[in-house]
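Notes to accompany the following structure.
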Amino acid sequence: VGLFVMSMIVQSQNSSYKSAYELNNQELVCKTHEDKINQLTAELEQTKGALSSSKLNKIDRVNNDVSYALETYYTIDKDHPAGQRYAKLKNYLSKDMAAYLKRTASQSVSYTQSIEIKDKYYSKVSNTEAKLLYFCNTVLQSDDLGKLKESHIFQIKAEYDTKTKTWRIVY
């Protein structure tokens with residue numbers, strides 16, 4: 001009997017709360033609730049992105065994206081003109097690096113360049129960040145300078161971008 005009475009009280013309170021938030025069969029949504037809903041939606045998207053990136057923060061996936069970016073940036077020949085690098089790389093670079101490349105990639109060059117990745121090391125920092133160390137050789141060939149071969153060590157910080165679903169080089 002007590003449970004029956006308690007359920008009737010709860011049901012009447014529920015209907016009174018429901019009627020307080022309805023007007024002409026339309027729900028009233030206050031600004032506070034809208035803000036909270038928007039905040040929770042943003043947090044949910046951020047969490048989904050972190051979950052997605054944690055699944056993709058694997059050595060092969062990060063190395064594939066970073067290797068593609070380095071090879072695309074440092075390979076300049078008749079099949080890979082310098083002016084086309086920005087379009088191919090904009091999804092693989094942070095905003096600052098992409099802005100720099102956009103300024104320099106439109107310049108015409110009178111040399112060819114290639115890169116050979118000798119060795120690479122990967123370290124997971126978080127679900128959305130990784131640090132990499134690349135040992136590379138670059139070869140620049142021009143009529144003025146001849147053939148220049150140089151060894152480089154690249155220390156790279158990469159972050160996952162959920163919009164493009166790629167790993168971007170931050171520095």
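Letters for chains follow the order of the structure tokens (A, B, ...), residue numbers begin at 1 for each chain, and ligand numbers begin at 1 in the order shown.
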Exercise. Residues of range 20-146 of chain A in strand (DSSP E or B) according to DSSP, as a PyMOL selection string?
Worked result: chain A and resi 22-23+26-27+76+93+111-124+129-142+146
For this session: Identify, with DSSP run on backbone atoms, the residues in range 31-118 of chain A assigned to alpha helix (DSSP H), and express the list as a PyMOL selection string.
Result: chain A and resi 31-56+59-74+85-89+95-105
For this session: Within 12 Å of Ala98 in chain A, counting only C-alpha atoms, which residues show up once you throw out same-chain ones fewer than 2 positions away? Write them as a ChimeraX atom specification, please.
Result: /A:69,73,85-96,100-105,168-171
Any chance you could export the current selection's N, CA, C and O atoms as a short mmCIF file (atom, residue, chain, number, x, y, z; two decimals), in the first residue's frame?
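Written out: result.cif:
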```cif
data_model
loop_
_atom_site.label_atom_id
_atom_site.label_comp_id
_atom_site.auth_asym_id
_atom_site.auth_seq_id
_atom_site.Cartn_x
_atom_site.Cartn_y
_atom_site.Cartn_z
N ALA A 69 54.03 13.39 -45.67
CA ALA A 69 54.25 14.84 -45.62
C ALA A 69 55.70 15.20 -45.93
O ALA A 69 55.96 16.10 -46.74
N TYR A 73 56.88 17.16 -49.28
CA TYR A 73 57.52 18.46 -49.13
C TYR A 73 58.90 18.49 -49.80
O TYR A 73 59.27 19.45 -50.46
N ARG A 85 52.91 21.53 -53.94
CA ARG A 85 53.09 20.93 -52.61
C ARG A 85 52.00 21.35 -51.64
O ARG A 85 51.52 20.55 -50.85
N TYR A 86 51.61 22.62 -51.68
CA TYR A 86 50.62 23.11 -50.70
C TYR A 86 49.31 22.34 -50.78
O TYR A 86 48.76 21.92 -49.76
N ALA A 87 48.81 22.15 -51.98
CA ALA A 87 47.53 21.45 -52.15
C ALA A 87 47.60 20.02 -51.60
O ALA A 87 46.64 19.53 -51.02
N LYS A 88 48.74 19.38 -51.76
CA LYS A 88 48.89 18.00 -51.29
C LYS A 88 49.13 17.92 -49.79
O LYS A 88 48.83 16.91 -49.16
N LEU A 89 49.68 18.98 -49.20
CA LEU A 89 50.12 18.92 -47.81
C LEU A 89 49.24 19.64 -46.80
O LEU A 89 49.42 19.44 -45.61
N LYS A 90 48.30 20.44 -47.23
CA LYS A 90 47.57 21.29 -46.28
C LYS A 90 46.87 20.49 -45.18
O LYS A 90 46.73 20.99 -44.07
N ASN A 91 46.45 19.27 -45.44
CA ASN A 91 45.81 18.45 -44.41
C ASN A 91 46.80 17.76 -43.49
O ASN A 91 46.41 17.13 -42.51
N TYR A 92 48.08 17.85 -43.81
CA TYR A 92 49.10 17.17 -43.02
C TYR A 92 49.97 18.12 -42.22
O TYR A 92 50.94 17.71 -41.60
N LEU A 93 49.63 19.42 -42.23
CA LEU A 93 50.42 20.42 -41.53
C LEU A 93 49.54 21.26 -40.62
O LEU A 93 48.37 21.49 -40.94
N SER A 94 50.11 21.74 -39.53
CA SER A 94 49.38 22.66 -38.65
C SER A 94 49.11 23.96 -39.43
O SER A 94 49.70 24.19 -40.48
N LYS A 95 48.26 24.79 -38.88
CA LYS A 95 47.91 26.05 -39.57
C LYS A 95 49.14 26.91 -39.82
O LYS A 95 49.29 27.47 -40.90
N ASP A 96 50.03 27.02 -38.83
CA ASP A 96 51.23 27.84 -39.00
C ASP A 96 52.14 27.29 -40.08
O ASP A 96 52.65 28.03 -40.92
N TYR A 100 53.08 28.98 -43.80
CA TYR A 100 54.45 29.17 -44.29
C TYR A 100 54.63 28.50 -45.65
O TYR A 100 55.18 29.08 -46.57
N LEU A 101 54.16 27.28 -45.76
CA LEU A 101 54.31 26.55 -47.02
C LEU A 101 53.55 27.24 -48.15
O LEU A 101 54.03 27.30 -49.26
N LYS A 102 52.38 27.78 -47.84
CA LYS A 102 51.59 28.45 -48.86
C LYS A 102 52.37 29.63 -49.45
O LYS A 102 52.31 29.89 -50.64
N ARG A 103 53.10 30.34 -48.58
CA ARG A 103 53.90 31.48 -49.06
C ARG A 103 55.07 31.02 -49.91
O ARG A 103 55.41 31.66 -50.89
N THR A 104 55.70 29.92 -49.54
CA THR A 104 56.92 29.50 -50.24
C THR A 104 56.66 28.53 -51.38
O THR A 104 57.48 28.42 -52.28
N ALA A 105 55.55 27.82 -51.35
CA ALA A 105 55.30 26.78 -52.37
C ALA A 105 54.96 27.35 -53.72
O ALA A 105 55.10 26.67 -54.73
N ARG A 168 48.81 15.60 -38.31
CA ARG A 168 49.40 16.85 -38.80
C ARG A 168 50.73 17.10 -38.10
O ARG A 168 50.86 16.88 -36.91
N ILE A 169 51.68 17.60 -38.87
CA ILE A 169 52.97 18.00 -38.30
C ILE A 169 52.79 19.39 -37.70
O ILE A 169 52.39 20.32 -38.39
N VAL A 170 53.07 19.49 -36.41
CA VAL A 170 52.97 20.78 -35.71
C VAL A 170 54.30 21.51 -35.78
O VAL A 170 54.36 22.70 -36.03
N TYR A 171 55.39 20.77 -35.55
CA TYR A 171 56.74 21.33 -35.76
C TYR A 171 57.67 20.21 -36.11
O TYR A 171 57.36 19.06 -35.93
#
```
Exercise. Looking at A:Val109, A:Ile117, A:Ile153, A:Ala99, which one is nearest to Tyr68 in chain A, with distances taken over only C-alpha atoms?
Worked result: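 The shortest atom-to-atom distance to Tyr68 in chain A comes from A:Ile117.
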For this session: Record the distance separating CA of Lys58 in chain A and CA of Ala158 in chain A, expressed in Å with one decimal.
Result: 12.2 Å
